[in-house]
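A.B. asks: File name work-v2.csv; file contents CSV, N, CA, C and O atoms; full text below.
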```
chain,number,residue,atom,x,y,z
A,1,MET,N,-12.0,-14.5,0.8
A,1,MET,CA,-11.2,-13.6,1.7
A,1,MET,C,-11.9,-12.3,1.8
A,1,MET,O,-12.3,-11.6,0.8
A,2,ALA,N,-12.1,-11.8,3.0
A,2,ALA,CA,-12.7,-10.6,3.3
A,2,ALA,C,-11.7,-9.4,3.3
A,2,ALA,O,-10.5,-9.6,3.5
A,3,ILE,N,-12.2,-8.2,3.1
A,3,ILE,CA,-11.4,-7.0,3.2
A,3,ILE,C,-12.0,-6.2,4.3
A,3,ILE,O,-13.1,-5.8,4.3
A,4,HIS,N,-11.1,-5.9,5.3
A,4,HIS,CA,-11.5,-5.1,6.4
A,4,HIS,C,-12.0,-3.7,6.0
A,4,HIS,O,-11.4,-3.1,5.0
A,5,ASP,N,-13.0,-3.1,6.6
A,5,ASP,CA,-13.5,-1.8,6.2
A,5,ASP,C,-12.4,-0.7,6.3
A,5,ASP,O,-12.5,0.3,5.5
A,6,ASP,N,-11.4,-0.8,7.2
A,6,ASP,CA,-10.4,0.2,7.3
A,6,ASP,C,-9.6,0.3,6.0
A,6,ASP,O,-9.1,1.3,5.7
A,7,CYS,N,-9.4,-0.8,5.2
A,7,CYS,CA,-8.7,-0.8,4.0
A,7,CYS,C,-9.4,0.1,3.0
A,7,CYS,O,-8.7,1.0,2.3
A,8,LYS,N,-10.7,0.0,2.9
A,8,LYS,CA,-11.4,0.9,2.0
A,8,LYS,C,-11.4,2.4,2.4
A,8,LYS,O,-11.2,3.3,1.6
A,9,LEU,N,-11.5,2.6,3.7
A,9,LEU,CA,-11.4,3.9,4.3
A,9,LEU,C,-10.1,4.6,4.0
A,9,LEU,O,-10.0,5.7,3.5
A,10,ARG,N,-9.0,3.9,4.3
A,10,ARG,CA,-7.7,4.4,4.1
A,10,ARG,C,-7.4,4.7,2.6
A,10,ARG,O,-6.7,5.7,2.2
A,11,PHE,N,-7.9,3.8,1.7
A,11,PHE,CA,-7.7,4.1,0.3
A,11,PHE,C,-8.4,5.4,-0.1
A,11,PHE,O,-7.9,6.2,-0.9
A,12,LEU,N,-9.6,5.6,0.3
A,12,LEU,CA,-10.4,6.8,0.0
A,12,LEU,C,-9.6,8.0,0.5
A,12,LEU,O,-9.6,9.1,-0.1
A,13,GLU,N,-9.0,7.9,1.7
A,13,GLU,CA,-8.2,9.0,2.2
A,13,GLU,C,-7.0,9.3,1.3
A,13,GLU,O,-6.7,10.5,1.1
A,14,LEU,N,-6.4,8.3,0.9
A,14,LEU,CA,-5.2,8.4,0.0
A,14,LEU,C,-5.6,9.1,-1.3
A,14,LEU,O,-5.0,10.0,-1.8
A,15,ASN,N,-6.7,8.6,-1.9
A,15,ASN,CA,-7.2,9.0,-3.2
A,15,ASN,C,-7.8,10.4,-3.2
A,15,ASN,O,-7.6,11.1,-4.2
A,16,THR,N,-8.6,10.7,-2.2
A,16,THR,CA,-9.3,12.0,-2.3
A,16,THR,C,-8.6,13.1,-1.4
A,16,THR,O,-8.6,14.2,-1.8
A,17,LYS,N,-8.2,12.7,-0.2
A,17,LYS,CA,-7.6,13.7,0.7
A,17,LYS,C,-6.1,13.8,0.7
A,17,LYS,O,-5.5,14.7,1.2
A,18,MET,N,-5.5,12.8,0.0
A,18,MET,CA,-4.0,12.7,-0.1
A,18,MET,C,-3.3,12.8,1.3
A,18,MET,O,-2.3,13.4,1.5
A,19,THR,N,-3.9,12.0,2.2
A,19,THR,CA,-3.4,12.0,3.6
A,19,THR,C,-2.3,10.9,3.8
A,19,THR,O,-1.7,10.9,4.8
A,20,HIS,N,-2.1,10.1,2.8
A,20,HIS,CA,-1.1,9.0,2.9
A,20,HIS,C,-0.3,9.0,1.6
A,20,HIS,O,-0.9,9.2,0.5
A,21,ARG,N,1.0,8.6,1.6
A,21,ARG,CA,1.8,8.4,0.4
A,21,ARG,C,1.6,6.9,0.0
A,21,ARG,O,1.6,6.6,-1.2
A,22,PHE,N,1.5,6.0,0.9
A,22,PHE,CA,1.3,4.6,0.6
A,22,PHE,C,0.5,3.9,1.7
A,22,PHE,O,0.4,4.4,2.8
A,23,ILE,N,0.0,2.7,1.3
A,23,ILE,CA,-0.7,1.9,2.2
A,23,ILE,C,-0.2,0.4,2.0
A,23,ILE,O,-0.2,0.0,0.8
A,24,VAL,N,0.2,-0.2,3.0
A,24,VAL,CA,0.7,-1.6,2.9
A,24,VAL,C,-0.4,-2.5,3.6
A,24,VAL,O,-0.8,-2.2,4.7
A,25,PHE,N,-0.8,-3.5,2.8
A,25,PHE,CA,-1.9,-4.4,3.3
A,25,PHE,C,-1.2,-5.8,3.5
A,25,PHE,O,-0.3,-6.2,2.8
A,26,LYS,N,-1.8,-6.5,4.5
A,26,LYS,CA,-1.4,-7.9,4.6
A,26,LYS,C,-2.6,-8.8,4.9
A,26,LYS,O,-3.7,-8.3,5.3
A,27,ILE,N,-2.5,-10.1,4.6
A,27,ILE,CA,-3.5,-11.0,4.9
A,27,ILE,C,-3.4,-11.5,6.3
A,27,ILE,O,-2.3,-12.0,6.7
A,28,GLU,N,-4.4,-11.3,7.1
A,28,GLU,CA,-4.4,-11.8,8.5
A,28,GLU,C,-5.0,-13.2,8.4
A,28,GLU,O,-6.2,-13.4,8.2
A,29,GLU,N,-4.1,-14.1,8.6
A,29,GLU,CA,-4.4,-15.5,8.4
A,29,GLU,C,-5.5,-16.0,9.4
A,29,GLU,O,-6.4,-16.8,9.1
A,30,ASN,N,-5.4,-15.6,10.7
A,30,ASN,CA,-6.4,-16.0,11.7
A,30,ASN,C,-7.8,-15.5,11.4
A,30,ASN,O,-8.8,-16.2,11.6
A,31,GLN,N,-7.9,-14.3,10.9
A,31,GLN,CA,-9.2,-13.7,10.7
A,31,GLN,C,-9.7,-13.9,9.2
A,31,GLN,O,-10.8,-13.5,8.9
A,32,LYS,N,-8.8,-14.4,8.4
A,32,LYS,CA,-9.1,-14.6,7.0
A,32,LYS,C,-9.6,-13.3,6.3
A,32,LYS,O,-10.6,-13.3,5.6
A,33,GLN,N,-8.8,-12.3,6.5
A,33,GLN,CA,-9.1,-11.0,5.9
A,33,GLN,C,-7.9,-10.1,5.6
A,33,GLN,O,-6.8,-10.4,6.2
A,34,VAL,N,-8.0,-9.2,4.7
A,34,VAL,CA,-7.0,-8.3,4.3
A,34,VAL,C,-7.1,-7.1,5.3
A,34,VAL,O,-8.2,-6.5,5.5
A,35,ILE,N,-6.0,-6.7,5.9
A,35,ILE,CA,-6.0,-5.6,6.8
A,35,ILE,C,-4.9,-4.6,6.5
A,35,ILE,O,-4.0,-4.9,5.7
A,36,VAL,N,-5.0,-3.3,7.0
A,36,VAL,CA,-4.0,-2.3,6.8
A,36,VAL,C,-2.8,-2.6,7.8
A,36,VAL,O,-3.1,-2.8,9.0
A,37,GLU,N,-1.6,-2.7,7.3
A,37,GLU,CA,-0.5,-2.9,8.1
A,37,GLU,C,0.3,-1.6,8.4
A,37,GLU,O,0.8,-1.4,9.5
A,38,LYS,N,0.4,-0.8,7.4
A,38,LYS,CA,1.3,0.4,7.5
A,38,LYS,C,0.7,1.5,6.6
A,38,LYS,O,0.3,1.3,5.5
A,39,LEU,N,0.7,2.7,7.1
A,39,LEU,CA,0.3,3.9,6.4
A,39,LEU,C,1.6,4.8,6.3
A,39,LEU,O,2.3,5.1,7.3
A,40,GLY,N,1.8,5.3,5.1
A,40,GLY,CA,2.9,6.2,4.9
A,40,GLY,C,2.5,7.6,4.9
A,40,GLY,O,1.5,8.0,4.3
A,41,GLU,N,3.2,8.4,5.6
A,41,GLU,CA,2.9,9.9,5.7
A,41,GLU,C,3.1,10.5,4.3
A,41,GLU,O,4.0,10.0,3.5
A,42,PRO,N,2.5,11.6,4.0
A,42,PRO,CA,2.6,12.3,2.7
A,42,PRO,C,4.0,12.7,2.3
A,42,PRO,O,4.4,12.7,1.2
A,43,ALA,N,4.9,13.0,3.3
A,43,ALA,CA,6.2,13.4,3.1
A,43,ALA,C,7.2,12.2,2.8
A,43,ALA,O,8.3,12.4,2.4
A,44,GLN,N,6.7,11.0,3.1
A,44,GLN,CA,7.6,9.9,2.9
A,44,GLN,C,7.7,9.5,1.4
A,44,GLN,O,6.8,9.8,0.6
A,45,GLY,N,8.8,8.9,1.0
A,45,GLY,CA,9.0,8.6,-0.4
A,45,GLY,C,9.1,7.1,-0.6
A,45,GLY,O,8.8,6.3,0.2
A,46,TYR,N,9.5,6.7,-1.8
A,46,TYR,CA,9.6,5.3,-2.3
A,46,TYR,C,10.5,4.5,-1.4
A,46,TYR,O,10.3,3.4,-1.1
A,47,GLU,N,11.7,5.1,-1.0
A,47,GLU,CA,12.6,4.4,-0.1
A,47,GLU,C,12.0,4.0,1.2
A,47,GLU,O,12.2,2.9,1.7
A,48,ASP,N,11.2,4.9,1.8
A,48,ASP,CA,10.5,4.6,3.0
A,48,ASP,C,9.5,3.5,2.8
A,48,ASP,O,9.4,2.6,3.6
A,49,PHE,N,8.8,3.5,1.7
A,49,PHE,CA,7.8,2.5,1.3
A,49,PHE,C,8.6,1.1,1.2
A,49,PHE,O,8.1,0.1,1.8
A,50,ALA,N,9.6,1.1,0.4
A,50,ALA,CA,10.4,-0.2,0.2
A,50,ALA,C,10.9,-0.7,1.5
A,50,ALA,O,10.9,-1.9,1.7
A,51,ALA,N,11.4,0.2,2.4
A,51,ALA,CA,12.0,-0.3,3.7
A,51,ALA,C,10.9,-0.9,4.6
A,51,ALA,O,11.3,-1.7,5.5
A,52,CYS,N,9.7,-0.6,4.5
A,52,CYS,CA,8.7,-1.2,5.4
A,52,CYS,C,8.1,-2.5,4.9
A,52,CYS,O,7.4,-3.1,5.6
A,53,LEU,N,8.6,-3.0,3.7
A,53,LEU,CA,8.1,-4.3,3.2
A,53,LEU,C,9.0,-5.4,3.8
A,53,LEU,O,10.2,-5.3,3.7
A,54,PRO,N,8.4,-6.4,4.5
A,54,PRO,CA,9.2,-7.5,5.1
A,54,PRO,C,9.8,-8.3,3.9
A,54,PRO,O,9.2,-8.5,2.9
A,55,PRO,N,11.1,-8.7,4.2
A,55,PRO,CA,11.8,-9.4,3.1
A,55,PRO,C,11.3,-10.8,2.8
A,55,PRO,O,11.4,-11.3,1.7
A,56,ASN,N,10.6,-11.5,3.7
A,56,ASN,CA,10.2,-12.9,3.5
A,56,ASN,C,8.7,-13.1,3.6
A,56,ASN,O,8.3,-14.2,3.9
A,57,GLU,N,7.9,-12.1,3.4
A,57,GLU,CA,6.5,-12.3,3.5
A,57,GLU,C,5.8,-11.5,2.3
A,57,GLU,O,6.3,-10.5,1.8
A,58,CYS,N,4.7,-12.0,1.9
A,58,CYS,CA,3.9,-11.4,0.9
A,58,CYS,C,3.1,-10.2,1.4
A,58,CYS,O,2.6,-10.2,2.5
A,59,ARG,N,3.0,-9.2,0.6
A,59,ARG,CA,2.2,-8.0,0.9
A,59,ARG,C,1.6,-7.4,-0.4
A,59,ARG,O,2.0,-7.7,-1.5
A,60,TYR,N,0.6,-6.6,-0.1
A,60,TYR,CA,-0.1,-5.8,-1.2
A,60,TYR,C,0.1,-4.4,-0.8
A,60,TYR,O,0.1,-4.1,0.4
A,61,ALA,N,0.1,-3.5,-1.8
A,61,ALA,CA,0.3,-2.1,-1.4
A,61,ALA,C,-0.3,-1.2,-2.5
A,61,ALA,O,-0.4,-1.6,-3.6
A,62,ILE,N,-0.6,0.0,-2.0
A,62,ILE,CA,-1.0,1.1,-2.9
A,62,ILE,C,0.0,2.2,-2.7
A,62,ILE,O,0.3,2.6,-1.6
A,63,TYR,N,0.6,2.8,-3.8
A,63,TYR,CA,1.6,3.8,-3.7
A,63,TYR,C,1.1,5.0,-4.6
A,63,TYR,O,0.8,4.8,-5.8
A,64,ASP,N,1.1,6.2,-4.0
A,64,ASP,CA,0.7,7.4,-4.7
A,64,ASP,C,2.0,8.1,-5.2
A,64,ASP,O,2.7,8.7,-4.4
A,65,PHE,N,2.3,7.9,-6.5
A,65,PHE,CA,3.5,8.5,-7.1
A,65,PHE,C,3.2,9.9,-7.6
A,65,PHE,O,2.4,10.1,-8.5
A,66,LYS,N,3.9,10.8,-7.0
A,66,LYS,CA,3.8,12.2,-7.4
A,66,LYS,C,5.0,12.6,-8.3
A,66,LYS,O,6.1,12.2,-8.1
A,67,PHE,N,4.7,13.4,-9.3
A,67,PHE,CA,5.7,13.9,-10.3
A,67,PHE,C,5.3,15.2,-10.9
A,67,PHE,O,4.1,15.6,-10.9
A,68,LEU,N,6.3,15.8,-11.6
A,68,LEU,CA,6.0,17.0,-12.4
A,68,LEU,C,6.2,16.7,-13.9
A,68,LEU,O,7.1,16.0,-14.2
A,69,THR,N,5.3,17.2,-14.7
A,69,THR,CA,5.3,17.0,-16.1
A,69,THR,C,6.4,17.9,-16.7
A,69,THR,O,6.9,18.8,-16.0
A,70,GLU,N,6.6,17.8,-18.0
A,70,GLU,CA,7.6,18.7,-18.6
A,70,GLU,C,7.1,20.2,-18.5
A,70,GLU,O,7.9,21.1,-18.5
A,71,GLY,N,5.8,20.4,-18.5
A,71,GLY,CA,5.3,21.7,-18.3
A,71,GLY,C,5.2,22.2,-16.9
A,71,GLY,O,4.5,23.1,-16.6
A,72,ASN,N,5.9,21.4,-16.0
A,72,ASN,CA,5.9,21.8,-14.5
A,72,ASN,C,4.5,21.7,-13.9
A,72,ASN,O,4.2,22.5,-13.0
A,73,ILE,N,3.7,20.7,-14.3
A,73,ILE,CA,2.4,20.5,-13.7
A,73,ILE,C,2.5,19.3,-12.8
A,73,ILE,O,3.0,18.3,-13.2
A,74,SER,N,2.0,19.5,-11.6
A,74,SER,CA,2.0,18.4,-10.6
A,74,SER,C,1.0,17.3,-11.0
A,74,SER,O,-0.2,17.7,-11.2
A,75,LYS,N,1.4,16.1,-11.0
A,75,LYS,CA,0.5,15.0,-11.3
A,75,LYS,C,0.7,13.9,-10.3
A,75,LYS,O,1.7,13.8,-9.6
A,76,SER,N,-0.2,12.9,-10.3
A,76,SER,CA,-0.2,11.8,-9.4
A,76,SER,C,-0.7,10.6,-10.1
A,76,SER,O,-1.7,10.6,-10.8
A,77,ILE,N,0.0,9.4,-9.9
A,77,ILE,CA,-0.5,8.1,-10.4
A,77,ILE,C,-0.5,7.2,-9.2
A,77,ILE,O,0.5,7.1,-8.5
A,78,ILE,N,-1.6,6.5,-9.0
A,78,ILE,CA,-1.7,5.5,-7.9
A,78,ILE,C,-1.4,4.1,-8.5
A,78,ILE,O,-2.1,3.7,-9.5
A,79,PHE,N,-0.4,3.4,-7.9
A,79,PHE,CA,0.0,2.1,-8.3
A,79,PHE,C,-0.5,1.1,-7.3
A,79,PHE,O,-0.5,1.3,-6.1
A,80,PHE,N,-1.0,-0.1,-7.8
A,80,PHE,CA,-1.3,-1.2,-6.9
A,80,PHE,C,-0.1,-2.2,-7.1
A,80,PHE,O,0.2,-2.5,-8.2
A,81,ILE,N,0.5,-2.6,-6.0
A,81,ILE,CA,1.7,-3.4,-6.0
A,81,ILE,C,1.4,-4.7,-5.3
A,81,ILE,O,0.9,-4.7,-4.1
A,82,ALA,N,1.8,-5.8,-5.9
A,82,ALA,CA,1.7,-7.1,-5.2
A,82,ALA,C,3.1,-7.6,-5.0
A,82,ALA,O,3.9,-7.7,-6.0
A,83,CYS,N,3.6,-7.8,-3.8
A,83,CYS,CA,4.9,-8.3,-3.4
A,83,CYS,C,4.8,-9.7,-3.0
A,83,CYS,O,4.2,-10.0,-2.0
A,84,PHE,N,5.4,-10.6,-3.8
A,84,PHE,CA,5.4,-12.0,-3.5
A,84,PHE,C,6.8,-12.5,-3.3
A,84,PHE,O,7.7,-12.1,-3.9
A,85,VAL,N,6.9,-13.4,-2.3
A,85,VAL,CA,8.2,-14.1,-2.1
A,85,VAL,C,8.0,-15.5,-2.7
A,85,VAL,O,7.0,-16.2,-2.3
A,86,GLN,N,8.9,-15.9,-3.5
A,86,GLN,CA,8.7,-17.2,-4.2
A,86,GLN,C,8.6,-18.4,-3.2
A,86,GLN,O,7.9,-19.3,-3.5
A,87,GLU,N,9.4,-18.4,-2.2
A,87,GLU,CA,9.4,-19.5,-1.2
A,87,GLU,C,8.2,-19.5,-0.3
A,87,GLU,O,8.0,-20.4,0.5
A,88,TYR,N,7.4,-18.4,-0.3
A,88,TYR,CA,6.3,-18.2,0.7
A,88,TYR,C,5.1,-19.1,0.3
A,88,TYR,O,4.7,-19.1,-0.8
A,89,ASP,N,4.7,-19.9,1.3
A,89,ASP,CA,3.5,-20.8,1.1
A,89,ASP,C,2.7,-20.8,2.3
A,89,ASP,O,3.0,-21.5,3.3
A,90,PRO,N,1.6,-19.9,2.4
A,90,PRO,CA,0.9,-19.8,3.7
A,90,PRO,C,0.1,-21.1,4.0
A,90,PRO,O,-0.4,-21.2,5.1
A,91,LEU,N,-0.1,-22.0,3.1
A,91,LEU,CA,-0.9,-23.2,3.4
A,91,LEU,C,0.1,-24.3,3.8
A,91,LEU,O,0.0,-25.2,4.3
```
The structure given in the file should be rewritten as structure tokens.
C.D. replies:
Amino acid sequence: MAIHDDCKLRFLELNTKMTHRFIVFKIEENQKQVIVEKLGEPAQGYEDFAACLPPNECRYAIYDFKFLTEGNISKSIIFFIACFVQEYDPL
């Protein structure tokens, strides 16, 4: 399975420039590669992220979780999320 170059570029933007809150990826069956399906704006939150996931299809995502520590220091953790539907069988 190939990964489209745009996936790598968008991840670098999220990780270094913080231009996206999340990235949703999907497998493009015809081209046999992973592509970017949706980019979340920095102001969007987890609810926006969850709402863009299709209910009956598998997706992969990266989510940049921002929070404040007890000392009021801004931190960020990047999560890789795999969303699977038990009934989904692409073959």
A.B. asks: State, in Å with one decimal place, the distance from atom N of Ser76 (chain A) to atom C of Cys58 (chain A).
C.D. replies: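 These atoms are spaced 26.1 Å apart.
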A.B. asks: Between CA of Pro42 (chain A) and CA of Phe22 (chain A), measure the distance and give it in Å to one decimal.
C.D. replies: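 Spanning CA of Pro42 (chain A) to CA of Phe22 (chain A) is a straight-line distance of 8.1 Å.
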A.B. asks: Counting only C-alpha atoms, figure out which residue out of A:Ile81, A:Cys7, A:Leu12, A:Leu53 gets nearest to Val36 (chain A).
C.D. replies: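 Smallest separation from Val36 (chain A) among the options: A:Cys7.
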A.B. asks: Applying 8 Å and only N, CA, C and O atoms, which residues near Phe67 (chain A) remain after dropping the ones on its own chain fewer than 4 positions away? List them as a VMD selection string.
C.D. replies: chain A and resid 72 to 77
A.B. asks: Using all atoms listed in the file, which residue out of A:Ile23, A:Met18, A:Val85, A:Val34 lies closest to Asp5 (chain A)?
C.D. replies: A:Val34
A.B. asks: Write out as a VMD selection string which residues come within 6 Å of Ile78 (chain A) when counting all atoms listed in the file, dropping same-chain ones fewer than 3 positions away.
C.D. replies: chain A and resid 63 to 65
A.B. asks: Just checking: using all atoms listed in the file, which residue out of A:Gln44, A:Ile3, A:Phe84, A:Gln33 ends up closest to His20 (chain A)?
C.D. replies: A:Gln44
A.B. asks: Calculate how many Å separate CA of Lys26 (chain A) from CA of Tyr60 (chain A), rounding to one decimal.
C.D. replies: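 These two atoms are separated by 6.3 Å.
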A.B. asks: What's around Gly40 (chain A) at 12 Å? Count only C-alpha atoms, leave out sequence neighbours fewer than 5 positions away in its own chain, and write the answer as a PyMOL selection string.
C.D. replies: chain A and resi 10-11+13-14+18-25+45-53+61-64
A.B. asks: Have a look at A:Lys8, A:Phe79, A:Thr69, A:Ala2 and name the one nearest to Lys32 (chain A); count only N, CA, C and O atoms.
C.D. replies: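 Residue with the minimum atom-to-atom distance to Lys32 (chain A): A:Ala2.
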A.B. asks: List every residue of chain A that DSSP, applied to the backbone of this structure, assigns to strand (DSSP E), and report them as a short mmCIF file (atom, residue, chain, number, x, y, z; two decimals) with N, CA, C and O atoms, keeping the file's coordinate frame.
C.D. replies:
```cif
data_model
loop_
_atom_site.label_atom_id
_atom_site.label_comp_id
_atom_site.auth_asym_id
_atom_site.auth_seq_id
_atom_site.Cartn_x
_atom_site.Cartn_y
_atom_site.Cartn_z
N ALA A 2 -12.10 -11.80 3.00
CA ALA A 2 -12.70 -10.60 3.30
C ALA A 2 -11.70 -9.40 3.30
O ALA A 2 -10.50 -9.60 3.50
N ILE A 3 -12.20 -8.20 3.10
CA ILE A 3 -11.40 -7.00 3.20
C ILE A 3 -12.00 -6.20 4.30
O ILE A 3 -13.10 -5.80 4.30
N PHE A 22 1.50 6.00 0.90
CA PHE A 22 1.30 4.60 0.60
C PHE A 22 0.50 3.90 1.70
O PHE A 22 0.40 4.40 2.80
N ILE A 23 0.00 2.70 1.30
CA ILE A 23 -0.70 1.90 2.20
C ILE A 23 -0.20 0.40 2.00
O ILE A 23 -0.20 0.00 0.80
N VAL A 24 0.20 -0.20 3.00
CA VAL A 24 0.70 -1.60 2.90
C VAL A 24 -0.40 -2.50 3.60
O VAL A 24 -0.80 -2.20 4.70
N PHE A 25 -0.80 -3.50 2.80
CA PHE A 25 -1.90 -4.40 3.30
C PHE A 25 -1.20 -5.80 3.50
O PHE A 25 -0.30 -6.20 2.80
N LYS A 26 -1.80 -6.50 4.50
CA LYS A 26 -1.40 -7.90 4.60
C LYS A 26 -2.60 -8.80 4.90
O LYS A 26 -3.70 -8.30 5.30
N ILE A 27 -2.50 -10.10 4.60
CA ILE A 27 -3.50 -11.00 4.90
C ILE A 27 -3.40 -11.50 6.30
O ILE A 27 -2.30 -12.00 6.70
N GLU A 28 -4.40 -11.30 7.10
CA GLU A 28 -4.40 -11.80 8.50
C GLU A 28 -5.00 -13.20 8.40
O GLU A 28 -6.20 -13.40 8.20
N GLN A 33 -8.80 -12.30 6.50
CA GLN A 33 -9.10 -11.00 5.90
C GLN A 33 -7.90 -10.10 5.60
O GLN A 33 -6.80 -10.40 6.20
N VAL A 34 -8.00 -9.20 4.70
CA VAL A 34 -7.00 -8.30 4.30
C VAL A 34 -7.10 -7.10 5.30
O VAL A 34 -8.20 -6.50 5.50
N ILE A 35 -6.00 -6.70 5.90
CA ILE A 35 -6.00 -5.60 6.80
C ILE A 35 -4.90 -4.60 6.50
O ILE A 35 -4.00 -4.90 5.70
N VAL A 36 -5.00 -3.30 7.00
CA VAL A 36 -4.00 -2.30 6.80
C VAL A 36 -2.80 -2.60 7.80
O VAL A 36 -3.10 -2.80 9.00
N GLU A 37 -1.60 -2.70 7.30
CA GLU A 37 -0.50 -2.90 8.10
C GLU A 37 0.30 -1.60 8.40
O GLU A 37 0.80 -1.40 9.50
N LYS A 38 0.40 -0.80 7.40
CA LYS A 38 1.30 0.40 7.50
C LYS A 38 0.70 1.50 6.60
O LYS A 38 0.30 1.30 5.50
N LEU A 39 0.70 2.70 7.10
CA LEU A 39 0.30 3.90 6.40
C LEU A 39 1.60 4.80 6.30
O LEU A 39 2.30 5.10 7.30
N GLY A 40 1.80 5.30 5.10
CA GLY A 40 2.90 6.20 4.90
C GLY A 40 2.50 7.60 4.90
O GLY A 40 1.50 8.00 4.30
N ARG A 59 3.00 -9.20 0.60
CA ARG A 59 2.20 -8.00 0.90
C ARG A 59 1.60 -7.40 -0.40
O ARG A 59 2.00 -7.70 -1.50
N TYR A 60 0.60 -6.60 -0.10
CA TYR A 60 -0.10 -5.80 -1.20
C TYR A 60 0.10 -4.40 -0.80
O TYR A 60 0.10 -4.10 0.40
N ALA A 61 0.10 -3.50 -1.80
CA ALA A 61 0.30 -2.10 -1.40
C ALA A 61 -0.30 -1.20 -2.50
O ALA A 61 -0.40 -1.60 -3.60
N ILE A 62 -0.60 0.00 -2.00
CA ILE A 62 -1.00 1.10 -2.90
C ILE A 62 0.00 2.20 -2.70
O ILE A 62 0.30 2.60 -1.60
N TYR A 63 0.60 2.80 -3.80
CA TYR A 63 1.60 3.80 -3.70
C TYR A 63 1.10 5.00 -4.60
O TYR A 63 0.80 4.80 -5.80
N ASP A 64 1.10 6.20 -4.00
CA ASP A 64 0.70 7.40 -4.70
C ASP A 64 2.00 8.10 -5.20
O ASP A 64 2.70 8.70 -4.40
N PHE A 65 2.30 7.90 -6.50
CA PHE A 65 3.50 8.50 -7.10
C PHE A 65 3.20 9.90 -7.60
O PHE A 65 2.40 10.10 -8.50
N LYS A 66 3.90 10.80 -7.00
CA LYS A 66 3.80 12.20 -7.40
C LYS A 66 5.00 12.60 -8.30
O LYS A 66 6.10 12.20 -8.10
N PHE A 67 4.70 13.40 -9.30
CA PHE A 67 5.70 13.90 -10.30
C PHE A 67 5.30 15.20 -10.90
O PHE A 67 4.10 15.60 -10.90
N LEU A 68 6.30 15.80 -11.60
CA LEU A 68 6.00 17.00 -12.40
C LEU A 68 6.20 16.70 -13.90
O LEU A 68 7.10 16.00 -14.20
N SER A 74 2.00 19.50 -11.60
CA SER A 74 2.00 18.40 -10.60
C SER A 74 1.00 17.30 -11.00
O SER A 74 -0.20 17.70 -11.20
N LYS A 75 1.40 16.10 -11.00
CA LYS A 75 0.50 15.00 -11.30
C LYS A 75 0.70 13.90 -10.30
O LYS A 75 1.70 13.80 -9.60
N SER A 76 -0.20 12.90 -10.30
CA SER A 76 -0.20 11.80 -9.40
C SER A 76 -0.70 10.60 -10.10
O SER A 76 -1.70 10.60 -10.80
N ILE A 77 0.00 9.40 -9.90
CA ILE A 77 -0.50 8.10 -10.40
C ILE A 77 -0.50 7.20 -9.20
O ILE A 77 0.50 7.10 -8.50
N ILE A 78 -1.60 6.50 -9.00
CA ILE A 78 -1.70 5.50 -7.90
C ILE A 78 -1.40 4.10 -8.50
O ILE A 78 -2.10 3.70 -9.50
N PHE A 79 -0.40 3.40 -7.90
CA PHE A 79 0.00 2.10 -8.30
C PHE A 79 -0.50 1.10 -7.30
O PHE A 79 -0.50 1.30 -6.10
N PHE A 80 -1.00 -0.10 -7.80
CA PHE A 80 -1.30 -1.20 -6.90
C PHE A 80 -0.10 -2.20 -7.10
O PHE A 80 0.20 -2.50 -8.20
N ILE A 81 0.50 -2.60 -6.00
CA ILE A 81 1.70 -3.40 -6.00
C ILE A 81 1.40 -4.70 -5.30
O ILE A 81 0.90 -4.70 -4.10
N ALA A 82 1.80 -5.80 -5.90
CA ALA A 82 1.70 -7.10 -5.20
C ALA A 82 3.10 -7.60 -5.00
O ALA A 82 3.90 -7.70 -6.00
N CYS A 83 3.60 -7.80 -3.80
CA CYS A 83 4.90 -8.30 -3.40
C CYS A 83 4.80 -9.70 -3.00
O CYS A 83 4.20 -10.00 -2.00
#
```
